[in-house]
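Pasting work-v6.pdb here (PDB, C-alpha atoms and all ligand atoms):
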ATOM      1  CA  MET S   1     101.282 -21.311  58.036  1.00  0.00           C
ATOM      2  CA  ASN S   2      99.272 -19.365  60.627  1.00  0.00           C
ATOM      3  CA  THR S   3     100.668 -18.859  64.117  1.00  0.00           C
ATOM      4  CA  VAL S   4      98.077 -18.927  66.896  1.00  0.00           C
ATOM      5  CA  LEU S   5      99.012 -17.986  70.466  1.00  0.00           C
ATOM      6  CA  ILE S   6      96.520 -19.085  73.092  1.00  0.00           C
ATOM      7  CA  THR S   7      96.631 -18.503  76.839  1.00  0.00           C
ATOM      8  CA  GLY S   8      95.032 -20.879  79.312  1.00  0.00           C
ATOM      9  CA  ALA S   9      95.791 -23.640  76.816  1.00  0.00           C
ATOM     10  CA  THR S  10      96.227 -26.394  79.415  1.00  0.00           C
ATOM     11  CA  ALA S  11      92.571 -27.067  80.251  1.00  0.00           C
ATOM     12  CA  GLY S  12      88.939 -26.493  79.403  1.00  0.00           C
ATOM     13  CA  ILE S  13      87.996 -24.125  76.600  1.00  0.00           C
ATOM     14  CA  GLY S  14      91.600 -23.144  75.783  1.00  0.00           C
ATOM     15  CA  LEU S  15      92.800 -26.721  75.354  1.00  0.00           C
ATOM     16  CA  GLU S  16      89.768 -27.626  73.257  1.00  0.00           C
ATOM     17  CA  CYS S  17      90.190 -24.505  71.139  1.00  0.00           C
ATOM     18  CA  ALA S  18      93.894 -25.257  70.561  1.00  0.00           C
ATOM     19  CA  THR S  19      93.007 -28.833  69.590  1.00  0.00           C
ATOM     20  CA  GLN S  20      90.340 -27.689  67.111  1.00  0.00           C
ATOM     21  CA  LEU S  21      92.647 -25.082  65.566  1.00  0.00           C
ATOM     22  CA  ALA S  22      95.645 -27.468  65.380  1.00  0.00           C
ATOM     23  CA  PRO S  23      95.415 -28.987  61.879  1.00  0.00           C
ATOM     24  CA  GLY S  24      97.953 -27.293  59.605  1.00  0.00           C
ATOM     25  CA  ARG S  25      98.843 -24.537  62.075  1.00  0.00           C
ATOM     26  CA  HIS S  26     101.630 -23.413  64.398  1.00  0.00           C
ATOM     27  CA  LEU S  27     100.276 -23.276  67.952  1.00  0.00           C
ATOM     28  CA  VAL S  28     101.939 -21.421  70.801  1.00  0.00           C
ATOM     29  CA  LEU S  29     100.436 -22.729  74.034  1.00  0.00           C
ATOM     30  CA  VAL S  30     100.753 -20.605  77.179  1.00  0.00           C
ATOM     31  CA  GLY S  31     100.195 -22.028  80.658  1.00  0.00           C
ATOM     32  CA  ARG S  32     101.538 -21.828  84.193  1.00  0.00           C
ATOM     33  CA  SER S  33     102.410 -25.518  84.644  1.00  0.00           C
ATOM     34  CA  PRO S  34     105.191 -27.121  82.553  1.00  0.00           C
ATOM     35  CA  GLY S  35     103.709 -30.595  83.109  1.00  0.00           C
ATOM     36  CA  ARG S  36     100.219 -29.591  81.979  1.00  0.00           C
ATOM     37  CA  LEU S  37     101.726 -27.739  79.016  1.00  0.00           C
ATOM     38  CA  ARG S  38     103.589 -30.895  77.947  1.00  0.00           C
ATOM     39  CA  ALA S  39     100.373 -32.914  78.061  1.00  0.00           C
ATOM     40  CA  ALA S  40      98.500 -30.197  76.133  1.00  0.00           C
ATOM     41  CA  ALA S  41     101.266 -29.997  73.500  1.00  0.00           C
ATOM     42  CA  GLU S  42     101.076 -33.763  72.947  1.00  0.00           C
ATOM     43  CA  ARG S  43      97.330 -33.567  72.400  1.00  0.00           C
ATOM     44  CA  VAL S  44      97.628 -30.604  70.012  1.00  0.00           C
ATOM     45  CA  GLU S  45     100.413 -32.332  68.054  1.00  0.00           C
ATOM     46  CA  ASP S  46      98.248 -35.464  67.758  1.00  0.00           C
ATOM     47  CA  ALA S  47      95.445 -33.236  66.434  1.00  0.00           C
ATOM     48  CA  GLY S  48      97.623 -32.260  63.446  1.00  0.00           C
ATOM     49  CA  ALA S  49      99.504 -29.090  64.392  1.00  0.00           C
ATOM     50  CA  VAL S  50     102.518 -28.470  62.162  1.00  0.00           C
ATOM     51  CA  ARG S  51     104.458 -26.971  65.060  1.00  0.00           C
ATOM     52  CA  VAL S  52     103.700 -26.613  68.780  1.00  0.00           C
ATOM     53  CA  ASP S  53     105.634 -24.418  71.227  1.00  0.00           C
ATOM     54  CA  THR S  54     104.933 -24.011  74.915  1.00  0.00           C
ATOM     55  CA  LEU S  55     105.618 -20.943  77.054  1.00  0.00           C
ATOM     56  CA  VAL S  56     105.293 -20.825  80.836  1.00  0.00           C
ATOM     57  CA  ALA S  57     103.760 -17.787  82.536  1.00  0.00           C
ATOM     58  CA  ASP S  58     101.826 -17.273  85.747  1.00  0.00           C
ATOM     59  CA  PHE S  59      99.213 -14.599  85.133  1.00  0.00           C
ATOM     60  CA  ALA S  60      99.089 -13.877  88.859  1.00  0.00           C
ATOM     61  CA  SER S  61     102.478 -12.172  88.430  1.00  0.00           C
ATOM     62  CA  LEU S  62     102.993  -9.171  86.151  1.00  0.00           C
ATOM     63  CA  ALA S  63     106.742  -9.891  86.077  1.00  0.00           C
ATOM     64  CA  SER S  64     105.956 -13.332  84.693  1.00  0.00           C
ATOM     65  CA  VAL S  65     103.718 -11.780  82.012  1.00  0.00           C
ATOM     66  CA  CYS S  66     106.533  -9.336  81.112  1.00  0.00           C
ATOM     67  CA  GLU S  67     108.913 -12.272  80.731  1.00  0.00           C
ATOM     68  CA  LEU S  68     106.357 -13.965  78.473  1.00  0.00           C
ATOM     69  CA  THR S  69     105.956 -10.899  76.238  1.00  0.00           C
ATOM     70  CA  GLY S  70     109.747 -10.674  75.923  1.00  0.00           C
ATOM     71  CA  GLN S  71     109.913 -14.309  74.837  1.00  0.00           C
ATOM     72  CA  VAL S  72     107.118 -13.849  72.285  1.00  0.00           C
ATOM     73  CA  ARG S  73     108.631 -10.696  70.790  1.00  0.00           C
ATOM     74  CA  ALA S  74     112.085 -12.287  70.599  1.00  0.00           C
ATOM     75  CA  GLY S  75     110.843 -15.664  69.352  1.00  0.00           C
ATOM     76  CA  TYR S  76     108.228 -14.910  66.706  1.00  0.00           C
ATOM     77  CA  GLY S  77     108.265 -12.706  63.642  1.00  0.00           C
ATOM     78  CA  ARG S  78     104.470 -12.764  63.439  1.00  0.00           C
ATOM     79  CA  ILE S  79     101.372 -13.800  65.381  1.00  0.00           C
ATOM     80  CA  ASP S  80      98.229 -14.249  63.285  1.00  0.00           C
ATOM     81  CA  VAL S  81      95.832 -14.880  66.152  1.00  0.00           C
ATOM     82  CA  LEU S  82      96.172 -13.964  69.823  1.00  0.00           C
ATOM     83  CA  ILE S  83      93.565 -15.667  71.989  1.00  0.00           C
ATOM     84  CA  ASN S  84      93.334 -14.221  75.506  1.00  0.00           C
ATOM     85  CA  ASN S  85      91.581 -17.109  77.176  1.00  0.00           C
ATOM     86  CA  ALA S  86      93.228 -17.812  80.569  1.00  0.00           C
ATOM     87  CA  GLY S  87      90.850 -17.060  83.393  1.00  0.00           C
ATOM     88  CA  THR S  88      89.811 -18.200  86.809  1.00  0.00           C
ATOM     89  CA  VAL S  89      87.752 -17.489  89.926  1.00  0.00           C
ATOM     90  CA  TYR S  90      88.732 -17.173  93.596  1.00  0.00           C
ATOM     91  CA  ALA S  91      86.272 -18.329  96.266  1.00  0.00           C
ATOM     92  CA  ASP S  92      87.902 -15.979  98.800  1.00  0.00           C
ATOM     93  CA  ARG S  93      89.543 -12.616  98.191  1.00  0.00           C
ATOM     94  CA  THR S  94      93.178 -13.238  97.260  1.00  0.00           C
ATOM     95  CA  GLU S  95      95.986 -10.816  96.441  1.00  0.00           C
ATOM     96  CA  THR S  96      98.684 -11.443  93.876  1.00  0.00           C
ATOM     97  CA  VAL S  97     102.394 -10.866  94.500  1.00  0.00           C
ATOM     98  CA  ASP S  98     101.833  -7.418  92.985  1.00  0.00           C
ATOM     99  CA  GLY S  99      99.111  -6.631  95.544  1.00  0.00           C
ATOM    100  CA  TYR S 100      96.133  -6.770  93.149  1.00  0.00           C
ATOM    101  CA  GLU S 101      92.877  -8.628  93.758  1.00  0.00           C
ATOM    102  CA  ALA S 102      93.624 -11.901  91.986  1.00  0.00           C
ATOM    103  CA  SER S 103      90.609 -12.331  89.677  1.00  0.00           C
ATOM    104  CA  PHE S 104      91.094  -8.784  88.344  1.00  0.00           C
ATOM    105  CA  ALA S 105      94.836  -9.422  87.967  1.00  0.00           C
ATOM    106  CA  VAL S 106      94.670 -12.826  86.250  1.00  0.00           C
ATOM    107  CA  ASN S 107      91.570 -12.213  84.128  1.00  0.00           C
ATOM    108  CA  HIS S 108      92.171  -8.587  83.128  1.00  0.00           C
ATOM    109  CA  LEU S 109      95.543  -7.046  84.059  1.00  0.00           C
ATOM    110  CA  ALA S 110      97.597  -9.945  82.671  1.00  0.00           C
ATOM    111  CA  PRO S 111      95.871 -10.132  79.251  1.00  0.00           C
ATOM    112  CA  TYR S 112      95.849  -6.323  79.116  1.00  0.00           C
ATOM    113  CA  LEU S 113      99.618  -6.210  79.654  1.00  0.00           C
ATOM    114  CA  LEU S 114     100.211  -9.083  77.226  1.00  0.00           C
ATOM    115  CA  THR S 115      98.068  -7.538  74.491  1.00  0.00           C
ATOM    116  CA  GLU S 116      99.443  -4.009  74.894  1.00  0.00           C
ATOM    117  CA  SER S 117     102.987  -5.408  74.741  1.00  0.00           C
ATOM    118  CA  LEU S 118     102.221  -7.417  71.594  1.00  0.00           C
ATOM    119  CA  LYS S 119     100.123  -4.724  69.877  1.00  0.00           C
ATOM    120  CA  ALA S 120     102.890  -3.605  67.513  1.00  0.00           C
ATOM    121  CA  LEU S 121     103.587  -7.226  66.558  1.00  0.00           C
ATOM    122  CA  MET S 122      99.871  -7.835  65.907  1.00  0.00           C
ATOM    123  CA  VAL S 123      99.706  -4.735  63.693  1.00  0.00           C
ATOM    124  CA  ALA S 124     102.851  -5.828  61.839  1.00  0.00           C
ATOM    125  CA  SER S 125     101.225  -9.276  61.358  1.00  0.00           C
ATOM    126  CA  ALA S 126      97.975  -7.882  59.870  1.00  0.00           C
ATOM    127  CA  PRO S 127      95.604  -9.210  58.743  1.00  0.00           C
ATOM    128  CA  SER S 128      95.514 -10.605  62.267  1.00  0.00           C
ATOM    129  CA  ARG S 129      93.044 -11.151  65.049  1.00  0.00           C
ATOM    130  CA  ILE S 130      92.824 -10.642  68.822  1.00  0.00           C
ATOM    131  CA  VAL S 131      90.135 -12.563  70.705  1.00  0.00           C
ATOM    132  CA  PHE S 132      89.089 -12.393  74.362  1.00  0.00           C
ATOM    133  CA  THR S 133      87.214 -15.215  76.045  1.00  0.00           C
ATOM    134  CA  ALA S 134      84.841 -13.001  78.014  1.00  0.00           C
ATOM    135  CA  SER S 135      81.490 -13.925  79.557  1.00  0.00           C
ATOM    136  CA  THR S 136      77.918 -12.708  79.668  1.00  0.00           C
ATOM    137  CA  GLY S 137      78.717 -12.507  83.394  1.00  0.00           C
ATOM    138  CA  HIS S 138      80.165  -9.093  82.503  1.00  0.00           C
ATOM    139  CA  TYR S 139      76.624  -7.668  82.361  1.00  0.00           C
ATOM    140  CA  ARG S 140      76.535  -8.049  86.154  1.00  0.00           C
ATOM    141  CA  GLY S 141      79.925  -6.382  86.580  1.00  0.00           C
ATOM    142  CA  THR S 142      80.417  -2.903  87.999  1.00  0.00           C
ATOM    143  CA  MET S 143      83.474  -0.653  88.185  1.00  0.00           C
ATOM    144  CA  ASP S 144      83.981   1.081  91.519  1.00  0.00           C
ATOM    145  CA  PHE S 145      87.083   3.201  91.008  1.00  0.00           C
ATOM    146  CA  GLU S 146      87.161   3.949  94.752  1.00  0.00           C
ATOM    147  CA  ASP S 147      87.554   0.225  95.446  1.00  0.00           C
ATOM    148  CA  LEU S 148      88.558  -1.498  92.204  1.00  0.00           C
ATOM    149  CA  GLN S 149      90.308  -4.254  94.187  1.00  0.00           C
ATOM    150  CA  TYR S 150      87.212  -5.299  96.187  1.00  0.00           C
ATOM    151  CA  ARG S 151      88.761  -4.589  99.587  1.00  0.00           C
ATOM    152  CA  TYR S 152      85.145  -4.263 100.738  1.00  0.00           C
ATOM    153  CA  GLY S 153      82.205  -6.493  99.869  1.00  0.00           C
ATOM    154  CA  TYR S 154      84.152  -9.170  97.960  1.00  0.00           C
ATOM    155  CA  SER S 155      82.206 -12.023  96.438  1.00  0.00           C
ATOM    156  CA  ILE S 156      83.454 -14.571  93.923  1.00  0.00           C
ATOM    157  CA  MET S 157      80.872 -13.679  91.285  1.00  0.00           C
ATOM    158  CA  LYS S 158      81.095  -9.899  91.770  1.00  0.00           C
ATOM    159  CA  ALA S 159      84.880 -10.003  91.358  1.00  0.00           C
ATOM    160  CA  TYR S 160      84.653 -12.363  88.371  1.00  0.00           C
ATOM    161  CA  ALA S 161      81.982 -10.176  86.723  1.00  0.00           C
ATOM    162  CA  ARG S 162      84.125  -7.057  87.220  1.00  0.00           C
ATOM    163  CA  SER S 163      87.136  -8.753  85.614  1.00  0.00           C
ATOM    164  CA  LYS S 164      85.033  -9.867  82.636  1.00  0.00           C
ATOM    165  CA  LEU S 165      83.535  -6.374  82.283  1.00  0.00           C
ATOM    166  CA  ALA S 166      87.116  -5.077  82.140  1.00  0.00           C
ATOM    167  CA  ASN S 167      87.807  -7.578  79.303  1.00  0.00           C
ATOM    168  CA  VAL S 168      84.875  -6.232  77.296  1.00  0.00           C
ATOM    169  CA  VAL S 169      85.617  -2.544  77.935  1.00  0.00           C
ATOM    170  CA  TYR S 170      89.260  -3.059  76.947  1.00  0.00           C
ATOM    171  CA  MET S 171      88.263  -5.099  73.872  1.00  0.00           C
ATOM    172  CA  ARG S 172      85.964  -2.303  72.682  1.00  0.00           C
ATOM    173  CA  SER S 173      88.538   0.432  73.142  1.00  0.00           C
ATOM    174  CA  LEU S 174      91.230  -1.689  71.445  1.00  0.00           C
ATOM    175  CA  ALA S 175      88.899  -2.491  68.526  1.00  0.00           C
ATOM    176  CA  ALA S 176      88.310   1.252  68.017  1.00  0.00           C
ATOM    177  CA  GLU S 177      92.018   2.030  68.322  1.00  0.00           C
ATOM    178  CA  LEU S 178      93.040  -0.665  65.817  1.00  0.00           C
ATOM    179  CA  GLU S 179      90.302   0.078  63.296  1.00  0.00           C
ATOM    180  CA  ASP S 180      91.926   0.423  59.848  1.00  0.00           C
ATOM    181  CA  THR S 181      95.074  -1.484  60.893  1.00  0.00           C
ATOM    182  CA  GLY S 182      93.859  -4.886  59.664  1.00  0.00           C
ATOM    183  CA  VAL S 183      93.730  -6.240  63.224  1.00  0.00           C
ATOM    184  CA  THR S 184      90.237  -7.351  64.255  1.00  0.00           C
ATOM    185  CA  VAL S 185      89.437  -7.422  67.949  1.00  0.00           C
ATOM    186  CA  ASN S 186      86.526  -9.409  69.401  1.00  0.00           C
ATOM    187  CA  ALA S 187      85.249 -10.922  72.610  1.00  0.00           C
ATOM    188  CA  LEU S 188      83.048 -13.960  72.969  1.00  0.00           C
ATOM    189  CA  HIS S 189      80.900 -15.729  75.513  1.00  0.00           C
ATOM    190  CA  PRO S 190      81.543 -19.471  75.192  1.00  0.00           C
ATOM    191  CA  GLY S 191      78.267 -20.533  76.791  1.00  0.00           C
ATOM    192  CA  THR S 192      78.216 -22.401  80.078  1.00  0.00           C
ATOM    193  CA  VAL S 193      80.843 -25.095  79.680  1.00  0.00           C
ATOM    194  CA  ALA S 194      81.662 -27.958  82.058  1.00  0.00           C
ATOM    195  CA  THR S 195      85.294 -27.085  82.785  1.00  0.00           C
ATOM    196  CA  ASP S 196      87.623 -26.980  85.792  1.00  0.00           C
ATOM    197  CA  ILE S 197      86.681 -23.371  86.501  1.00  0.00           C
ATOM    198  CA  TRP S 198      83.551 -24.479  88.346  1.00  0.00           C
ATOM    199  CA  SER S 199      85.515 -26.706  90.738  1.00  0.00           C
ATOM    200  CA  ARG S 200      86.897 -23.513  92.289  1.00  0.00           C
ATOM    201  CA  ALA S 201      83.442 -22.000  92.751  1.00  0.00           C
ATOM    202  CA  PRO S 202      80.969 -22.712  95.571  1.00  0.00           C
ATOM    203  CA  TRP S 203      78.106 -25.072  94.691  1.00  0.00           C
ATOM    204  CA  PHE S 204      75.451 -22.355  94.583  1.00  0.00           C
ATOM    205  CA  THR S 205      77.204 -20.561  91.715  1.00  0.00           C
ATOM    206  CA  ARG S 206      77.682 -23.707  89.603  1.00  0.00           C
ATOM    207  CA  PRO S 207      75.384 -24.654  86.700  1.00  0.00           C
ATOM    208  CA  SER S 208      72.645 -27.004  87.956  1.00  0.00           C
ATOM    209  CA  TRP S 209      73.731 -29.811  85.600  1.00  0.00           C
ATOM    210  CA  LEU S 210      77.249 -30.081  87.099  1.00  0.00           C
TER     211      LEU S 210
HETATM  212  N1  LIG V 301      83.418 -22.516  81.599  1.00  0.00           N
HETATM  213  C1  LIG V 301      82.479 -21.604  81.429  1.00  0.00           C
HETATM  214  O1  LIG V 301      81.275 -21.888  81.583  1.00  0.00           O
HETATM  215  C2  LIG V 301      82.861 -20.199  81.027  1.00  0.00           C
HETATM  216  C3  LIG V 301      81.818 -19.274  80.773  1.00  0.00           C
HETATM  217  C4  LIG V 301      82.157 -17.979  80.380  1.00  0.00           C
HETATM  218  C5  LIG V 301      83.484 -17.629  80.232  1.00  0.00           C
HETATM  219  N2  LIG V 301      84.479 -18.521  80.504  1.00  0.00           N
HETATM  220  C6  LIG V 301      85.863 -18.072  80.349  1.00  0.00           C
HETATM  221  O2  LIG V 301      86.571 -19.036  79.588  1.00  0.00           O
HETATM  222  C7  LIG V 301      87.968 -18.936  79.893  1.00  0.00           C
HETATM  223  C8  LIG V 301      88.533 -20.337  80.105  1.00  0.00           C
HETATM  224  O3  LIG V 301      87.908 -20.896  81.242  1.00  0.00           O
HETATM  225  P1  LIG V 301      87.598 -22.455  81.387  1.00  0.00           P
HETATM  226  O4  LIG V 301      86.152 -22.579  81.703  1.00  0.00           O
HETATM  227  O5  LIG V 301      88.167 -23.221  80.238  1.00  0.00           O
HETATM  228  O6  LIG V 301      88.393 -22.746  82.744  1.00  0.00           O
HETATM  229  P2  LIG V 301      89.521 -23.827  83.121  1.00  0.00           P
HETATM  230  O7  LIG V 301      89.153 -25.176  82.602  1.00  0.00           O
HETATM  231  O8  LIG V 301      89.721 -23.665  84.572  1.00  0.00           O
HETATM  232  O9  LIG V 301      90.807 -23.324  82.305  1.00  0.00           O
HETATM  233  C9  LIG V 301      91.406 -22.099  82.653  1.00  0.00           C
HETATM  234  C10 LIG V 301      92.758 -21.981  82.001  1.00  0.00           C
HETATM  235  O10 LIG V 301      93.368 -20.768  82.493  1.00  0.00           O
HETATM  236  C11 LIG V 301      94.617 -21.108  83.110  1.00  0.00           C
HETATM  237  N3  LIG V 301      94.939 -20.276  84.261  1.00  0.00           N
HETATM  238  C12 LIG V 301      94.234 -20.116  85.409  1.00  0.00           C
HETATM  239  N4  LIG V 301      94.903 -19.329  86.271  1.00  0.00           N
HETATM  240  C13 LIG V 301      96.077 -19.006  85.655  1.00  0.00           C
HETATM  241  C14 LIG V 301      97.215 -18.246  86.034  1.00  0.00           C
HETATM  242  N5  LIG V 301      97.322 -17.688  87.247  1.00  0.00           N
HETATM  243  N6  LIG V 301      98.228 -18.126  85.145  1.00  0.00           N
HETATM  244  C15 LIG V 301      98.176 -18.692  83.929  1.00  0.00           C
HETATM  245  N7  LIG V 301      97.139 -19.450  83.515  1.00  0.00           N
HETATM  246  C16 LIG V 301      96.103 -19.603  84.368  1.00  0.00           C
HETATM  247  C17 LIG V 301      94.446 -22.548  83.568  1.00  0.00           C
HETATM  248  O11 LIG V 301      95.714 -23.137  83.814  1.00  0.00           O
HETATM  249  P3  LIG V 301      95.870 -24.476  84.718  1.00  0.00           P
HETATM  250  O12 LIG V 301      95.598 -25.623  83.783  1.00  0.00           O
HETATM  251  O13 LIG V 301      97.275 -24.413  85.175  1.00  0.00           O
HETATM  252  O14 LIG V 301      94.861 -24.380  85.825  1.00  0.00           O
HETATM  253  C18 LIG V 301      93.694 -23.120  82.380  1.00  0.00           C
HETATM  254  O15 LIG V 301      94.567 -23.402  81.312  1.00  0.00           O
HETATM  255  C19 LIG V 301      88.084 -18.030  81.123  1.00  0.00           C
HETATM  256  O16 LIG V 301      88.531 -16.741  80.728  1.00  0.00           O
HETATM  257  C20 LIG V 301      86.652 -17.955  81.656  1.00  0.00           C
HETATM  258  O17 LIG V 301      86.393 -16.746  82.317  1.00  0.00           O
HETATM  259  C21 LIG V 301      84.184 -19.798  80.899  1.00  0.00           C
END
What does this structure look like when you write it as structure tokens?
Amino acid sequence: MNTVLITGATAGIGLECATQLAPGRHLVLVGRSPGRLRAAAERVEDAGAVRVDTLVADFASLASVCELTGQVRAGYGRIDVLINNAGTVYADRTETVDGYEASFAVNHLAPYLLTESLKALMVASAPSRIVFTASTGHYRGTMDFEDLQYRYGYSIMKAYARSKLANVVYMRSLAAELEDTGVTVNALHPGTVATDIWSRAPWFTRPSWL
């Protein structure tokens, strides 16, 4: 039975993905809200998962991500598929408890830390797969190493694009590093999907059909 760990499993693309992957599989759903995780687990169980576990982690806190990686390493002998899907946008510049610009922290630093911490487990689980839900928005992203945290000139889309560019750059370097290990590493653009993410964005950045 395959074990699939998916972050951002409580809404939108992550919840739908977990539901579609459920039949015959063991799903590990990661989210920041115990209540939303319970509801997601019920839906995934109803969709035919053999086993569903839920793990709570707030990606706006690196300590919380460290706790999550500890739980995964202690709790599971193998992970067949790791789906780094959790992501968000911030209308105004926000800092996390660790002092990082929040879109960069939630969308890139957290999945980076999670994946690096689980890399040995993914290699031991080969053939296995690591997937990033990225975005074509990354083409508009830039890296300014003098001001990676957008202390100057913040905009919701610029910060989001930078975080998604970081996903793609990391994915490419990880894919090269893990070549020949039996771990495949990919990123995808899901298309423009009517999810909660747009409710946090100003109207002029939303798709016209929303
Ligand atoms: N929708 C699109 O058109 C689109 C296009 C390109 C790429 N994407 C990417 O697709 C991925 C999923 O987005 P979506 O559209 O499905 O958005 P969504 O409906 O807002 O779902 C985002 C998921 O991430 C979780 N999340 C947000 N902040 C978190 C935090 N601090 N800690 C832990 N989990 C957190 C959310 O948890 P809660 O349920 O607790 O909020 C939710 O489960 C993102 O990486 C996004 O960049 C989306």
Task: Result set, the PyMOL selection byres (((not hetatm)) within 6 of (chain V and resi 301)) on current file, as an MDAnalysis selection string - done: chainID S and resid 8:14 31:33 57:60 85:88 106 133:135 189:197
Open item on the list: One decimal, in Å: what's the spacing between atom CA of Arg93 of chain S and atom CA of Pro111 of chain S?
Closed with: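 Computed distance, atom CA of Arg93 of chain S to atom CA of Pro111 of chain S, equals 20.1 Å.
Residues surrounding segment 80-82 of chain S within 9 Å are S:Asn2, S:Thr3, S:Val4, S:Leu5, S:Ile6, S:Thr7, S:Thr115, S:Met122, S:Ser125, S:Ala126, S:Pro127, S:Ser128, S:Arg129, S:Ile130, S:Val131, S:Phe132 [all atoms listed in the file; sequence separation below 6 positions excluded].
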TODO: Apply the PyMOL selection byres (((chain S and resi 162) around 9) and not hetatm) to the structure shown and report the selected residues as a PyMOL selection string.
DONE: chain S and resi 103-104+137-143+148+157-161+163-167
Open item on the list: For a quick check of understanding, using only C-alpha atoms, which of S:Ile156, S:Leu55, S:Leu21, S:Ala63 has the smallest distance to Leu113 of chain S?
Closed with: S:Ala63
TODO: Kindly resolve the PyMOL selection byres (((chain S and resi 121) around 8) and not hetatm) on the present coordinates and return the residues as a list in words.
DONE: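 In the shown coordinates, the PyMOL selection byres (((chain S and resi 121) around 8) and not hetatm) covers Arg73, Gly77, Arg78, Ile79, Leu118, Lys119, Ala120, Met122, Val123, Ala124 and Ser125 of chain S.
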- [ ] Identify which of the residues S:Val50, S:Ile83, S:Asp144, S:Gly99 lies closest to Tyr112 of chain S, counting all atoms listed in the file when measuring atom-to-atom distances.
- [x] S:Ile83
TODO: For atom CA of Leu114 of chain S and atom CA of Tyr154 of chain S, determine how far apart the two atoms are, in Å to one decimal place.
DONE: 26.2 Å
TODO: Would you mind listing what lies within 10 Å of segment 51-53 of chain S as a PyMOL selection string, with all atoms listed in the file counted and same-chain residues fewer than 3 positions away left out?
DONE: chain S and resi 1+3-5+22-30+37-38+40-42+44-45+48
Can you write out the residues you just picked, keeping C-alpha atoms, as a PDB file, in the coordinates of the input?
ATOM      1  CA  MET S   1     101.282 -21.311  58.036  1.00  0.00           C
ATOM      2  CA  THR S   3     100.668 -18.859  64.117  1.00  0.00           C
ATOM      3  CA  VAL S   4      98.077 -18.927  66.896  1.00  0.00           C
ATOM      4  CA  LEU S   5      99.012 -17.986  70.466  1.00  0.00           C
ATOM      5  CA  ALA S  22      95.645 -27.468  65.380  1.00  0.00           C
ATOM      6  CA  PRO S  23      95.415 -28.987  61.879  1.00  0.00           C
ATOM      7  CA  GLY S  24      97.953 -27.293  59.605  1.00  0.00           C
ATOM      8  CA  ARG S  25      98.843 -24.537  62.075  1.00  0.00           C
ATOM      9  CA  HIS S  26     101.630 -23.413  64.398  1.00  0.00           C
ATOM     10  CA  LEU S  27     100.276 -23.276  67.952  1.00  0.00           C
ATOM     11  CA  VAL S  28     101.939 -21.421  70.801  1.00  0.00           C
ATOM     12  CA  LEU S  29     100.436 -22.729  74.034  1.00  0.00           C
ATOM     13  CA  VAL S  30     100.753 -20.605  77.179  1.00  0.00           C
ATOM     14  CA  LEU S  37     101.726 -27.739  79.016  1.00  0.00           C
ATOM     15  CA  ARG S  38     103.589 -30.895  77.947  1.00  0.00           C
ATOM     16  CA  ALA S  40      98.500 -30.197  76.133  1.00  0.00           C
ATOM     17  CA  ALA S  41     101.266 -29.997  73.500  1.00  0.00           C
ATOM     18  CA  GLU S  42     101.076 -33.763  72.947  1.00  0.00           C
ATOM     19  CA  VAL S  44      97.628 -30.604  70.012  1.00  0.00           C
ATOM     20  CA  GLU S  45     100.413 -32.332  68.054  1.00  0.00           C
ATOM     21  CA  GLY S  48      97.623 -32.260  63.446  1.00  0.00           C
TER      22      GLY S  48
END
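With all atoms listed in the file as the atoms that count, the minimum distance from Glu101 of chain S to the choices S:Arg151, S:Ala187, S:Cys66, S:Phe204 is reached by S:Arg151.
Among the candidate residues S:Ala110, S:Glu179, S:Cys17, S:Glu146, the one lying nearest to Glu67 of chain S is S:Ala110, with distances computed using only C-alpha atoms.
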